[in-house]
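Q: Can you keep this structure in mind? I'll have questions shortly.
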Amino acid sequence: MRITETDRLLCLLSDSLETLIFPELQSQRAQATVDFIRLTLAELRKRENDTPALLHEEILAGQQQLLAAQSLLARLDAAHHAPAASVAVAAHSLFDALVREHADLTEALAQTTLALQRARSTAKPEDQDNISALLLQAAQWEERYGRRQREQPCPPPPPREADASTGPLRAETLQAFLRTQHPHGDAVSVTHFEAIPGGFGKQTTLFTLRDGAGCERDLIARKMDPAPLVSTGLFNIEREFHLLQSLSATGYPAPTPLYLGSNVAGIDAPFYVMERLPGKVTGSYLSGMRSTPSEALLFDIAAQMARLHTMPLAALSGYIDRYEDPALLTTLRVRDCYAAKLAEMRRYQLEEVEHLPSPTLTYLADWLQRQMPADDRRPVLVHGDFNIHNLLIDGDRVSGVLDWECAMFGAPEQELAYIQPHISQLIDWERFIAHYEHCAQRKIDRATMAYYLAFSMFPVNIAMNRGVRNVQSGLNRDARYLMIELAYGPQFLQMALAATNP
């Protein structure tokens, strides 16, 4: 019997999905899952057709990068030799063999670029530019394959999948927990329970709590994944809970956290319960707003950002005393905060938690260290992901600022640089900045914004790297996370490199 070609099988699966399955789906969650499956099927079809030749071409280019880097390293310091990568690859190798070859080459480049960065301290001045150029070239090589693969035309529908919850939070286990926390005890019940699709790293659930008097209240449960993308800093959900405690007490439009659950029986990761704020999220980070916002709303976004950045740090002393350097309230400067955060993220990525090898992360860390502004201002609280996908909108105002896991103490320019690509498509950027400066009563240092945008991309790319690693190792079986490798990760790599080469 003749064996059916894989590409034909994938086409049949795609046709069945469109004609038989999708028309029968009713829930928003199931329909979102089909979007992920479409993208994945299209990616598999590319891998059966044009991708092997593209990947083979990139491997050959990467080998040239590796040889150039190793040649410079050998001249600088023979003791820093990195292992040579295998060179010969047949043009018609199976895709999986090419993937293994690419992994070996990435590992070798990552080790060589690390060695080059370490050799920088003893290198002659004339070699400093060569080191920088080779680090950049290695980073561009890592970014290029994902971009070129993404830009290839897809045979029919593209893939996506939704919630295959890796750490279940169930109505009954949540109800049991709430009965230990709520003043009405066993009289409370969970009457509605619905997972909210979207977002990575945290699982979000909308539920209704009925108290002993029969009153109902909609609340939100926010839970870590058992295999999180990042678990340092405010990515730790207990730290986020305590920051929100301090922040919501100031009246800032952030959710009020109510109950924190750690090591709760039947629930596989920490979580907390918070109030549900009014309004809706009106777009996504990579796609932008779904509709054109009013000028009043855009100015309110600027005002709420300014309000955050002018908040006295003493108002957050409860959180700072628990988790941060006490000098933050007295003597620390912006540059101190970024030096410490960069060291923390690098230590986390290289030593504390296993990540995939990445020349780009080495290049970014090196660039951020060398280009860090000598900023002696006092730090402000920076949300770190202040953008349309984390803003609840109610009419012409911001009713809530969500997802504080990327928050840190630093420079306001980081926040502004991060949101500029979206805002500048909707309103003249200088008018937005002028309104922000009016509300904040301070001027912005525009010259540093490229640096702070690049900095904001560093933890994002660490998270994307870990997400891919979790999928490849089997720690995460949620098919949505395939999108990190196929779509989101390459775009964030591209944004990081663009920020360092404006």
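Chain identifiers are assigned as A, B, and so on, following the order in which chains appear in the structure tokens; residues are numbered from 1 within each chain, and ligands are numbered from 1 in order of appearance.
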Determine which residues of range 152-277 of chain A receive a DSSP assignment of alpha helix (DSSP H), computed from the backbone, and state them as a list in words.
A: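 Going through range 152-277 of chain A, the alpha helix (DSSP H) residues come out as Ala171, Glu172, Thr173, Leu174, Gln175, Ala176, Phe177, Leu178, Arg179, Thr180, Gln181, Ile237, Glu238, Arg239, Glu240, Phe241, His242, Leu243, Leu244, Gln245, Ser246, Leu247 and Ser248 of chain A.
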Q: Excluding range 240-257 of chain A and residues on its chain fewer than 4 positions from it, collect all residues at most 6 Å away from it, counting only C-alpha atoms, and give them as an NGL selection string.
A: :A and (234 or 274-275 or 316 or 319 or 400-401)
Q: Name the closest residue to Gln117 in chain A among the candidates A:Leu178, A:Ala365, A:Val281, A:Val273; distances are taken between atoms, counting only C-alpha atoms.
A: A:Ala365
Q: With only C-alpha atoms as the atoms that count, which of A:Asp127, A:Asp300, A:Asp321, A:Glu354 lies nearest to Tyr436 in chain A?
A: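 Result for the nearest residue to Tyr436 in chain A: A:Asp300.
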Q: Under the rule that only C-alpha atoms are counted, which of A:Ala53, A:Leu364, A:Ile301, A:Cys337 is the nearest residue to Asn387 in chain A?
A: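 That would be A:Ile301, the residue with the smallest distance to Asn387 in chain A.
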Q: Produce a table with one row for each residue of range 260-369 of chain A that has an atom at most 12 Å from any atom of range 194-203 of chain A, each row naming the nearest atom pair and its distance in Å at one decimal; use only C-alpha atoms; arrange rows by chain and rising residue number; format as a tab-separated table.
A:
residue	atom	partner	partner_atom	distance
A:Asp268	CA	A:Gln203	CA	11.8
A:Ala269	CA	A:Lys202	CA	10.1
A:Pro270	CA	A:Lys202	CA	10.2
A:Phe271	CA	A:Gln203	CA	8.9
A:Tyr272	CA	A:Gln203	CA	10.8
A:Val273	CA	A:Gln203	CA	11.8
A:Val281	CA	A:Gly198	CA	11.1
A:Gly283	CA	A:Gly198	CA	11.3
A:Ser284	CA	A:Gly198	CA	9.5
A:Tyr285	CA	A:Gly199	CA	10.5
Q: Keeping only all heavy atoms, write the selected residues as a compact mmCIF listing (two decimals), in the first residue's frame.
A:
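That gives us out.txt:
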# COMPACT_ATOMS: atom_id res chain seq x y z
N ASP A 268 -2.05 23.24 42.22
CA ASP A 268 -0.64 22.93 42.02
C ASP A 268 0.31 24.11 41.95
O ASP A 268 1.50 23.94 41.66
CB ASP A 268 -0.47 22.07 40.76
CG ASP A 268 -0.99 22.76 39.51
OD1 ASP A 268 -1.26 23.98 39.56
OD2 ASP A 268 -1.15 22.09 38.47
N ALA A 269 -0.17 25.33 42.21
CA ALA A 269 0.72 26.49 42.20
C ALA A 269 0.05 27.62 42.99
O ALA A 269 -1.18 27.62 43.16
CB ALA A 269 1.00 26.94 40.76
N PRO A 270 0.83 28.58 43.47
CA PRO A 270 0.23 29.69 44.23
C PRO A 270 -0.72 30.52 43.39
O PRO A 270 -0.59 30.60 42.16
CB PRO A 270 1.46 30.52 44.66
CG PRO A 270 2.63 29.61 44.53
CD PRO A 270 2.30 28.67 43.42
N PHE A 271 -1.66 31.18 44.06
CA PHE A 271 -2.63 32.02 43.37
C PHE A 271 -3.13 33.07 44.35
O PHE A 271 -2.88 32.99 45.56
CB PHE A 271 -3.81 31.18 42.85
CG PHE A 271 -4.66 30.59 43.95
CD1 PHE A 271 -5.85 31.21 44.34
CD2 PHE A 271 -4.28 29.43 44.60
CE1 PHE A 271 -6.62 30.67 45.36
CE2 PHE A 271 -5.05 28.88 45.62
CZ PHE A 271 -6.23 29.50 46.00
N TYR A 272 -3.83 34.05 43.81
CA TYR A 272 -4.54 34.96 44.70
C TYR A 272 -5.87 35.33 44.08
O TYR A 272 -6.08 35.20 42.87
CB TYR A 272 -3.72 36.21 45.06
CG TYR A 272 -3.35 37.14 43.93
CD1 TYR A 272 -4.25 38.11 43.48
CD2 TYR A 272 -2.07 37.09 43.37
CE1 TYR A 272 -3.89 38.99 42.46
CE2 TYR A 272 -1.71 37.97 42.35
CZ TYR A 272 -2.62 38.92 41.90
OH TYR A 272 -2.28 39.79 40.91
N VAL A 273 -6.77 35.79 44.93
CA VAL A 273 -8.09 36.25 44.52
C VAL A 273 -8.11 37.76 44.65
O VAL A 273 -7.63 38.32 45.64
CB VAL A 273 -9.19 35.61 45.39
CG1 VAL A 273 -10.55 36.22 45.08
CG2 VAL A 273 -9.22 34.10 45.18
N VAL A 281 -10.55 44.99 28.26
CA VAL A 281 -9.30 45.10 27.53
C VAL A 281 -9.65 45.24 26.04
O VAL A 281 -10.42 44.44 25.51
CB VAL A 281 -8.40 43.88 27.76
CG1 VAL A 281 -7.16 43.94 26.89
CG2 VAL A 281 -8.02 43.77 29.24
N GLY A 283 -7.49 45.44 23.27
CA GLY A 283 -6.52 45.08 22.24
C GLY A 283 -5.44 44.17 22.80
O GLY A 283 -5.48 43.77 23.96
N SER A 284 -4.49 43.83 21.94
CA SER A 284 -3.37 42.99 22.34
C SER A 284 -2.06 43.70 22.02
O SER A 284 -2.03 44.61 21.20
CB SER A 284 -3.42 41.64 21.63
OG SER A 284 -3.18 41.80 20.24
N TYR A 285 -0.98 43.26 22.65
CA TYR A 285 0.29 43.95 22.49
C TYR A 285 0.78 43.90 21.04
O TYR A 285 1.24 44.90 20.49
CB TYR A 285 1.35 43.35 23.41
CG TYR A 285 2.67 44.07 23.31
CD1 TYR A 285 2.87 45.29 23.95
CD2 TYR A 285 3.71 43.56 22.53
CE1 TYR A 285 4.06 45.98 23.83
CE2 TYR A 285 4.91 44.25 22.40
CZ TYR A 285 5.08 45.46 23.05
OH TYR A 285 6.26 46.14 22.92
Q: Within 10 Å of Gln175 in chain A, counting only C-alpha atoms, which residues qualify if same-chain residues fewer than 2 places away don't, as a PyMOL selection string?
A: chain A and resi 170-173+177-181+186+188-191+209
Q: I'd like to know which residues of range 332-436 of chain A are strand (DSSP E) (by DSSP, run on the backbone); could you write them as a list in words?
A: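 Checking each residue of range 332-436 of chain A, the strand (DSSP E) ones are Val380, Leu381, Val382, Leu391, Leu392, Ile393, Asp394, Arg397, Val398, Ser399, Gly400, Val401, Met408, Phe409 and Gly410 of chain A.
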Q: So which residues touch Arg346 in chain A within 10 Å, counting only C-alpha atoms, skipping near sequence neighbours fewer than 2 positions away, as a list of chain:residue names?
A: A:Ala340, A:Lys341, A:Leu342, A:Ala343, A:Glu344, A:Tyr348, A:Gln349, A:Leu350, A:Glu351, A:Glu352, A:Leu361, A:Thr362, A:Ala365, A:Phe458, A:Pro459, A:Ile462
Q: Which residue, A:His182, A:Arg480, A:Arg322, A:His102, has the smallest gap to Glu238 in chain A when you use only C-alpha atoms?
A: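 Using only C-alpha atoms, Glu238 in chain A sits closest to A:Arg322.
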Q: Just how far from CA of Ile423 in chain A is CA of Ala496 in chain A, in Å to one decimal?
A: 18.7 Å
Q: Find the residue from A:Thr208, A:Thr448, A:Gln70, A:Asn263 that sits nearest to Gln371 in chain A; use only C-alpha atoms when measuring.
A: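 Closest candidate: A:Thr448.
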Q: From the options A:Asp35, A:Glu18, A:Asp225, A:Glu43, which residue's atoms come nearest to Asp478 in chain A, counting only C-alpha atoms?
A: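 Under the stated criterion, the closest residue is A:Asp225.
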Q: Can you list, as an MDAnalysis selection string, every protein, DNA or RNA residue that comes within 8 Å of Phe22 in chain A when you count only C-alpha atoms, leaving out same-chain residues fewer than 4 positions away?
A: chainID A and resid 17:18 31 34
Q: Write the residues of the selection above to a file with N, CA, C and O atoms, as a CSV table (one decimal), in the first residue's frame.
A:
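Writing the result to again26.csv gives the following:
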chain,number,residue,atom,x,y,z
A,17,LEU,N,-10.9,20.4,10.2
A,17,LEU,CA,-11.0,21.4,11.2
A,17,LEU,C,-12.0,22.5,10.8
A,17,LEU,O,-12.9,22.9,11.5
A,18,GLU,N,-11.8,23.0,9.5
A,18,GLU,CA,-12.6,24.1,9.1
A,18,GLU,C,-14.1,23.7,8.8
A,18,GLU,O,-15.0,24.4,9.1
A,31,GLN,N,-13.2,28.3,20.3
A,31,GLN,CA,-12.8,28.9,19.0
A,31,GLN,C,-11.4,29.5,19.0
A,31,GLN,O,-10.7,29.4,18.0
A,34,VAL,N,-9.0,26.7,18.3
A,34,VAL,CA,-8.9,26.4,16.8
A,34,VAL,C,-7.9,27.3,16.1
A,34,VAL,O,-7.2,26.9,15.2
